[in-house]
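Let me begin by presenting the structure, written as structure tokens, before commenting on it.
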Amino acid sequence: MSTGKVDYQEFKEKTRGSVIWDRLNPLRYTQTISLARAQLITDAYKEYEGYSFYRKRGFAIAKILKEVPIRIEDDQLLVGDYCAKPMGPEWYPDLAAAWVADYVDKYGWKGSGKFYAFENEAEAQQAKEISHYWRNIGGKEMWLKFIGPEQAAFEHKVSEANAWISNTISEMYAEKAWNVPDIARIVTKGVRGLVADIDARLETLEIITDDDYRAHEFLIGLKTMLLAGIDYAHRYAALAREKAAAETNPKRKSELEEIARVCDRVPEFPAETFQDALQSFQFGILMVYWDTRTYGMGFGRVDQFLYPTFKADMESGKIDTEYATQLLECFRVITMGKRQFWPDVMVPNVSAESHFHNCVIGGVDPVFGHDATNELSFLWLEAAARVRTTHPTLSIRWHPRLNRKFMKRALEVVAMGMGFPAFFNDDASIMYLLARGYTLEEARDYAIGGCVLHHVPGKQSSVWPLVTNYGKILELTLRNGFDWRTQEQLGPETGDFLKMKDYDEFMKAFEAQSVYWAKFAAHGSNACRIQHIESFPDIMMSAFTDDCIKRGKVTSLGGAVHNDCVQYIVPVGVQDVANDLYVLKNAIFCDNPVCSREELLDALAKNWEGHEELRAKMLAMPKFGNDIPEVDNLLNDIYLMLKKIWFTLPGAYGGHFEVAPHSIGFHAGCGAKCGALPSGREAFVAMADGGVSPVQSTDVNGPTAVINSAGRIDQIDLHGVLFNMRFTPAALSTPEGRDHLAALIKTYFEDYKGKHIQFNVMSRAQMIAAKEEPEKYRDLIVRVAGYSAYWTDLSEVTQNELISRSELDFAS
Amino acid sequence: MTVLGETGETKGWVFNIQRYSTHDGPGIRTVVFLKGCPLHCFWCQNPESRSVKPVLMFKKDRCTRCGRCIAACPHQANSMVEGEVRIERSRCALCGACVAACLAGARDIQGKIMTVQEIMDVVAKDMAIYDNSGGGITLSGGDCEMQPGFSVALLRAAHEEGINTAVEITGAFAWQTVKMITDHADYVLFDLKVMDEERHKKGTGVSNALILENARNLVGEKKAILFRTPLIPGFNDSVEDIRAIARFVKYELGLNPAEHVRLLAYNNLGEEKYARMDYQGERPSYQRQSDAYIKELNESLAAV
């Protein structure tokens with residue numbers, strides 16, 4: 001057994017992570033789809049037919065962990081793969097199956113040309129066979145049968161494929177995580193500890209109701225998965241040993257021997273060393289991944305739960321900061337191995353490369369509220385600066401006493417232009433959680449799920465987001481519920497715009513449309529969620545969520561102690577709508593209207609063609625983001641209305657729906673299906689991004705005005721509010737420039753109680769150049785919404801949207 | 001210099017208020033640009049500021065040639081000549097009718113009378129940002145010394161709100177005026193263009209004797225002060241010119257030049273403004289100095 005220090009000095013010049021990443025990165029463009037998981041789970045379902053559903057899931061995921069092909073990358077210190085092929089995507093037919101058969105029929109084995117080719121014709125046919133097996137039991141397929149063909153047709157009509165009002169249906173392609181399970185407990189308890197909890201529960205479980213029976217089978221299924229995690233790690237240990245035996249380079253040999261030692265120990269037993277801890281954590285993530293895929297799953301407070309082993313190793317001299325940083329680099333690279341296999345309909349809305357894994361650093365400690373920054377917090381920044389990958393993204397929990405040196409270093413990393421770290425405001429986030437019944441200690445321990453969502457690790461279930469296009473709802477209000485795109489009466493008749501007597505009547509109609517679509521979406525969301533009880537329950541995640549084991553229920557189906565903050569609406573286009581309402585209130589429903597309502601409708605229908613003067617007048621009216629209270633407060637009004645509507649809609653298991661304005665990447669897709677709007681908006685361009693960012697190119701009074709406008713929006717009771725600013729590289733190239741940025745952040749957080757802020761540091765000229773010659777900019781990273789992406793992975797609509805965002809420079 | 005027109009204690013001529021300014025004193029600041037300047041520097045970046053009177057600016061690249069300005073003007077100052085809108089400046093009464101009529105945003109009038117209160121309403125918006133960045137208000141121009149009563153009133157109003165104040169001055173006024181204004185400034189930004197008197201006259205239209213005298217006086221008052229030198233290619237950007245400034249600052253004022261002199265690389269951001277004003281004279285065309293050369297000049301500055 002090798003426990004000595006590993007020699008790593010050769011990587012000091014070109015860092016270890018970049019060496020590995022340079023090898024893997026090109027595969028992003030060429031790697032083919034892996035059918036490993038799809039085939040294994042299909043075989044398992046056949047093999048274990050007749051077992052109870054949860055037990056069958058347990059056997060199936062165990063089979064994957066025991067049989068999925070594994071490998072160890074050269075120079076890697078960590079192991080555990082997201083795919084049987086390096087940089088390939090896996091397909092989850094148990095989540096949604098039919099679309100893959102359609103995909104093969106449409107494109108053939110070579111796929112749609114983006115990333116999604118099959119290896120050859122035979123594999124494409126294999127995929128079709130798998131798809132056929134799941135035709136009645138895939139998650140989406142079961143759901144469609146559950147809601148019936150009529151409802152399914154309507155859902156399809158209003159989804160992004162058509163009218164793009166609401167997207168319950170396509171959300172069925174994306175499994176749900178978006179929360180922060182407390183995977184850290186595998187690090188401290190080990191699988192054996194978790195299994196002991198299950199055994200204790202089983203001992204007291206009397207099966208006297210059907211719920212008890214389900215609990216029993218769930219616990220057996222979970223235990224089966226957990227124990228298979230030990231086998232999974234031991235396979236890596238064996239592989240590492242085999243490689244070590246064949247290795248001639250003594251340094252690499254010792255690294256491989258160390259990997260073997262680590263995988264023998266974890267995740268089975270509690271981690272002893274820092275490398276144990278990080279490796280155990282990675283296995284924990286992967287065990288959830290092979291079950292339900294971990295889309296948008298937060299990694300939690302990674303500088304806190306990994307600190308005890310880090311500190312012990314540093315003190316004993318087992319590791320130094322260099323080796324620790326290399327381990328974190330390795331973690332970054334291994335996370336990049338996770339890919340998405342999406343249907344076409346998802347691509348314009350979210351980057352094909354987006355995984356939304358947030359690593360939170362900084363913040364306060366839960367007990368006393370003191371600054372929690374430690375040496376490991378700095379190393380996470382260092383690793384990100386060294387290996388320029390988009391994932392996992394870093395988020396800093398900001399509070400007024402945050403370590404100044406840490407903040408300084410964070411802003412230097414921001415200036416590198418990768419779009420992170422993002423900043424979250426402790427005070428505002430903690431207030432939000434306290435208002436939802438979390439204890440102070442829990443609230444102070446929050447981390448980030450998805451892009452910007454406040455989650456207390458291990459307390460909440462996985463999450464069900466919904467997206468509603470409010471630009472489109474305004475359009476429907478103007479046309480009495482008629483959708484010009486599908487040429488159908490999709491919404492309720494809420495009144496003829498030409499006959500409305502005043503602005504208040506218009507607002508009542510807008511609210512009525514909003515209520516109708518909110519009920520529609522909430523109903524669909526609840527149904528999806530409950531229906532997953534029979535298709536895609538998040539069993540493995542339940543090991544890391546209180547009180548799933550005690551209750552004998554999976555996290556999203558009543559197992560989690562908190563069902564708040566887990567079902568929510570992402571309202572898209574609300575900033576656009578605020579500008580529209582200003583125009584309607586002050587230029588249409590007023591004494592001397594700028595034009596007749598007939599003319600306005602005609603201008604919108606014709607996308608302003610022949611109405612250019614009218615459009616100029618509309619564009620010249622006040623816009624959100626310029627520090628003008630009259631228009632900014634209209635956005636407050638909209639959020640107030642949305643809270644009123646959504647907070648009263650019942651969610652599953654006693655939760656309610658939250659309003660979470662962060663747009664993800666949907667502002668591009670929603671905009672692309674929305675026509676011209678009264679504010680002067682042109683048809684089909686992207687909507688405003690985030691929740692309080694101004695509509696692109698409409699903020700003309702500079703960054704302080706934008707901060708004041710965004711800050712004017714009352715954010716405490718909103719679930720994560722994304723705010724994006726773009727600066728030129730020159731603006732942040734000096735310490736003074738970064739000091740100014742720090743002052744802006746402090747003002748937005750401390751004075752205004754804003755929740756989140758992030759920065760794109762990139763000039764418009766660079767983006768235009770990158771659009772023209774993408775081949776030269778394959779490594780260019782930009783911030784989209786709550787995630788960074790490679791420029792070349794973004795759709796054209798999203799690229800144009802980014803180019804059109806206002807560029808903030810420091811005036812000379 | 002005479003105090004002009006309608007300026008006074010509570011009203012003055014202003015041509016711009018720029019929030020989030022980060023190079024005009026400490027922290028993040030709001031710069032209030034006052035009209036009028038005693039100097040006529042040939043490289044001036046704010047030509048619209050020179051006169052105390054307002055100026056109509058016309059952005060030809062935005063003009064859609066729709067002719068609405070021609071119809072709107074009560075003085076027939078606009079006409080269409082060979083498919084382009086022309087302005088007969090002698091007819092223009094600066095009434096603003098064409099600005100209101102233009103849908104393309106191609107016209108605006110630089111310079112309007114504002115009250116202290118109106119300005120403070122804008123300045124106060126960023127109060128929290130001043131507090132957090134150590135910023136405040138900066139009076140610039142032109143030269144705020146052209147409107148001394150108004151400037152003092154603004155600075156006083158800012159101090160009453162607890163806002164840090166800075167002024168950007170040429171120093172080309174009688175000491176009493178300079179003192180009256182700087183007494184209310186927490187920070188002074190003071191231009192030193194070139195030490196040679198003849199060249200100063202040639203480049204700016206005035207001697208630098210009074211300017212240098214005022215610099216000595218200000219240092220005597222122990223004001224927090226930063227001297228700034230805009231580097232104009234071929235005019236004042238030789239190593240010897242910079243050394244001369246450094247010697248003056250070090251030996252006559254007793255200050256460390258590396259700390260108290262900021263060299264500003266040339267930029268031609270003001271060039272398009274000349275065209276918008278229909279400026280008839282010749283305009284020099286320069287390139288910004290290379291970063292390496294700026295570094296060399298900064299080293300010369302520090303070496304004295």
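Here's how to read the names in the structure tokens: chain A, B, ... by the order shown, residue numbers from 1 in each chain, ligand numbers from 1 in the order shown.
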
Requested in this report: Counting only C-alpha atoms, collect the residues of chain A whose closest atom lies at most 7 Å from chain B, and write them out as a list in words.
Outcome: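 The complete set of qualifying residues is Glu613, Ala616, Lys617, Gly702, Pro703, Thr704, His740, Ala743, Leu744, Lys746, Thr747, Asp751, Phe810, Ala811 and Ser812 of chain A.
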
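Residue neighbourhood of B:Phe33, excluding near-sequence residues (fewer than 6 positions): B:Val14, B:Phe15, B:Asn16, B:Ser140, B:Gly141, at 6 Å, using only C-alpha atoms.
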
Requested in this report: Run DSSP on the backbone and give me the residues of stretch 152-229 of chain B it puts in helix (DSSP H, G or I), as a ChimeraX atom specification.
Outcome: /B:152-160,175-182,197-204,209-220

**Report entry** Contacts of stretch 83-94 of chain B at 9 Å (only C-alpha atoms; same-chain gap of 3+ positions) as an MDAnalysis selection string
**Finding:** chainID B and resid 54:56 58 60 63 65 67 69:70 73 75:80 97 109 278

Report task. Can you work out the spacing between atom CA of A:Tyr82 and atom CA of A:Asn136 in Å, to one decimal? Result ->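 Here the two named atoms are 26.8 Å from each other.
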
Query raised in the report: Of the candidates A:Ala161, A:Trp290, A:Leu476, A:Asp344, which shows the shortest atom-to-atom distance to A:Tyr107, using only C-alpha atoms?
Result: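 Closest candidate: A:Asp344.
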
Requested in this report: Excluding stretch 171-176 of chain B and any residue of its chain fewer than 6 positions from it, enumerate the residues within 9 Å of it, using only C-alpha atoms, and give them as number ranges by chain.
Outcome: B: 1, 38-39, 143, 145-146, 190-191, 206-215, 217

Next, dump the selected residues to file, keeping only N, CA, C and O atoms, as a PDB file, in the first residue's frame.
ATOM      1  N   MET B   1     -11.206  86.997 -16.429  1.00  0.00           N
ATOM      2  CA  MET B   1     -12.349  86.362 -17.107  1.00  0.00           C
ATOM      3  C   MET B   1     -13.659  86.876 -16.508  1.00  0.00           C
ATOM      4  O   MET B   1     -13.779  87.025 -15.302  1.00  0.00           O
ATOM      5  N   PRO B  38     -11.376  78.657 -20.355  1.00  0.00           N
ATOM      6  CA  PRO B  38     -10.496  79.783 -20.682  1.00  0.00           C
ATOM      7  C   PRO B  38      -9.400  79.389 -21.679  1.00  0.00           C
ATOM      8  O   PRO B  38      -8.773  80.264 -22.268  1.00  0.00           O
ATOM      9  N   LEU B  39      -9.157  78.099 -21.809  1.00  0.00           N
ATOM     10  CA  LEU B  39      -8.109  77.645 -22.716  1.00  0.00           C
ATOM     11  C   LEU B  39      -8.738  77.230 -24.051  1.00  0.00           C
ATOM     12  O   LEU B  39      -9.918  76.881 -24.114  1.00  0.00           O
ATOM     13  N   ASP B 143     -14.187  74.179 -17.869  1.00  0.00           N
ATOM     14  CA  ASP B 143     -13.484  74.445 -16.630  1.00  0.00           C
ATOM     15  C   ASP B 143     -14.498  75.054 -15.676  1.00  0.00           C
ATOM     16  O   ASP B 143     -15.102  76.092 -15.985  1.00  0.00           O
ATOM     17  N   GLU B 145     -14.151  76.648 -13.215  1.00  0.00           N
ATOM     18  CA  GLU B 145     -13.790  77.996 -12.742  1.00  0.00           C
ATOM     19  C   GLU B 145     -14.474  79.101 -13.550  1.00  0.00           C
ATOM     20  O   GLU B 145     -14.524  80.250 -13.122  1.00  0.00           O
ATOM     21  N   MET B 146     -14.992  78.734 -14.745  1.00  0.00           N
ATOM     22  CA  MET B 146     -15.711  79.730 -15.544  1.00  0.00           C
ATOM     23  C   MET B 146     -17.032  80.129 -14.876  1.00  0.00           C
ATOM     24  O   MET B 146     -17.588  81.165 -15.196  1.00  0.00           O
ATOM     25  N   PHE B 190      -5.591  68.789 -11.481  1.00  0.00           N
ATOM     26  CA  PHE B 190      -5.038  70.033 -12.007  1.00  0.00           C
ATOM     27  C   PHE B 190      -4.228  69.709 -13.254  1.00  0.00           C
ATOM     28  O   PHE B 190      -3.319  68.876 -13.212  1.00  0.00           O
ATOM     29  N   ASP B 191      -4.567  70.338 -14.371  1.00  0.00           N
ATOM     30  CA  ASP B 191      -3.867  70.039 -15.625  1.00  0.00           C
ATOM     31  C   ASP B 191      -2.535  70.768 -15.727  1.00  0.00           C
ATOM     32  O   ASP B 191      -2.475  71.982 -15.521  1.00  0.00           O
ATOM     33  N   VAL B 206      -3.047  80.387 -23.971  1.00  0.00           N
ATOM     34  CA  VAL B 206      -2.721  81.228 -22.804  1.00  0.00           C
ATOM     35  C   VAL B 206      -1.349  80.846 -22.232  1.00  0.00           C
ATOM     36  O   VAL B 206      -0.857  79.741 -22.438  1.00  0.00           O
ATOM     37  N   SER B 207      -0.781  81.792 -21.508  1.00  0.00           N
ATOM     38  CA  SER B 207       0.503  81.552 -20.827  1.00  0.00           C
ATOM     39  C   SER B 207       0.273  80.603 -19.645  1.00  0.00           C
ATOM     40  O   SER B 207      -0.834  80.496 -19.125  1.00  0.00           O
ATOM     41  N   ASN B 208       1.332  79.915 -19.224  1.00  0.00           N
ATOM     42  CA  ASN B 208       1.164  79.047 -18.064  1.00  0.00           C
ATOM     43  C   ASN B 208       1.696  79.665 -16.765  1.00  0.00           C
ATOM     44  O   ASN B 208       1.744  79.003 -15.742  1.00  0.00           O
ATOM     45  N   ALA B 209       2.092  80.949 -16.839  1.00  0.00           N
ATOM     46  CA  ALA B 209       2.694  81.581 -15.655  1.00  0.00           C
ATOM     47  C   ALA B 209       1.719  81.562 -14.473  1.00  0.00           C
ATOM     48  O   ALA B 209       2.046  81.141 -13.361  1.00  0.00           O
ATOM     49  N   LEU B 210       0.476  81.981 -14.743  1.00  0.00           N
ATOM     50  CA  LEU B 210      -0.534  82.038 -13.692  1.00  0.00           C
ATOM     51  C   LEU B 210      -0.888  80.621 -13.205  1.00  0.00           C
ATOM     52  O   LEU B 210      -1.060  80.381 -12.008  1.00  0.00           O
ATOM     53  N   ILE B 211      -0.929  79.704 -14.150  1.00  0.00           N
ATOM     54  CA  ILE B 211      -1.269  78.307 -13.823  1.00  0.00           C
ATOM     55  C   ILE B 211      -0.247  77.739 -12.839  1.00  0.00           C
ATOM     56  O   ILE B 211      -0.602  77.140 -11.812  1.00  0.00           O
ATOM     57  N   LEU B 212       1.035  77.958 -13.140  1.00  0.00           N
ATOM     58  CA  LEU B 212       2.082  77.415 -12.281  1.00  0.00           C
ATOM     59  C   LEU B 212       2.069  78.092 -10.914  1.00  0.00           C
ATOM     60  O   LEU B 212       2.281  77.457  -9.882  1.00  0.00           O
ATOM     61  N   GLU B 213       1.766  79.389 -10.943  1.00  0.00           N
ATOM     62  CA  GLU B 213       1.690  80.129  -9.678  1.00  0.00           C
ATOM     63  C   GLU B 213       0.571  79.550  -8.801  1.00  0.00           C
ATOM     64  O   GLU B 213       0.740  79.323  -7.604  1.00  0.00           O
ATOM     65  N   ASN B 214      -0.562  79.283  -9.435  1.00  0.00           N
ATOM     66  CA  ASN B 214      -1.690  78.713  -8.700  1.00  0.00           C
ATOM     67  C   ASN B 214      -1.385  77.316  -8.177  1.00  0.00           C
ATOM     68  O   ASN B 214      -1.832  76.933  -7.097  1.00  0.00           O
ATOM     69  N   ALA B 215      -0.614  76.568  -8.974  1.00  0.00           N
ATOM     70  CA  ALA B 215      -0.222  75.235  -8.519  1.00  0.00           C
ATOM     71  C   ALA B 215       0.585  75.349  -7.229  1.00  0.00           C
ATOM     72  O   ALA B 215       0.357  74.607  -6.267  1.00  0.00           O
ATOM     73  N   ASN B 217       0.510  77.791  -5.083  1.00  0.00           N
ATOM     74  CA  ASN B 217      -0.376  78.236  -4.005  1.00  0.00           C
ATOM     75  C   ASN B 217      -1.216  77.089  -3.444  1.00  0.00           C
ATOM     76  O   ASN B 217      -1.396  76.971  -2.232  1.00  0.00           O
TER      77      ASN B 217
END

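The coordinates place atom CA of A:His370 at 20.9 Å from atom CA of A:Thr309.
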
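Using only C-alpha atoms, the nearest neighbour of A:Met287 within the list A:Gly80, A:Pro93, A:Pro392, A:Gly675 is A:Gly80.
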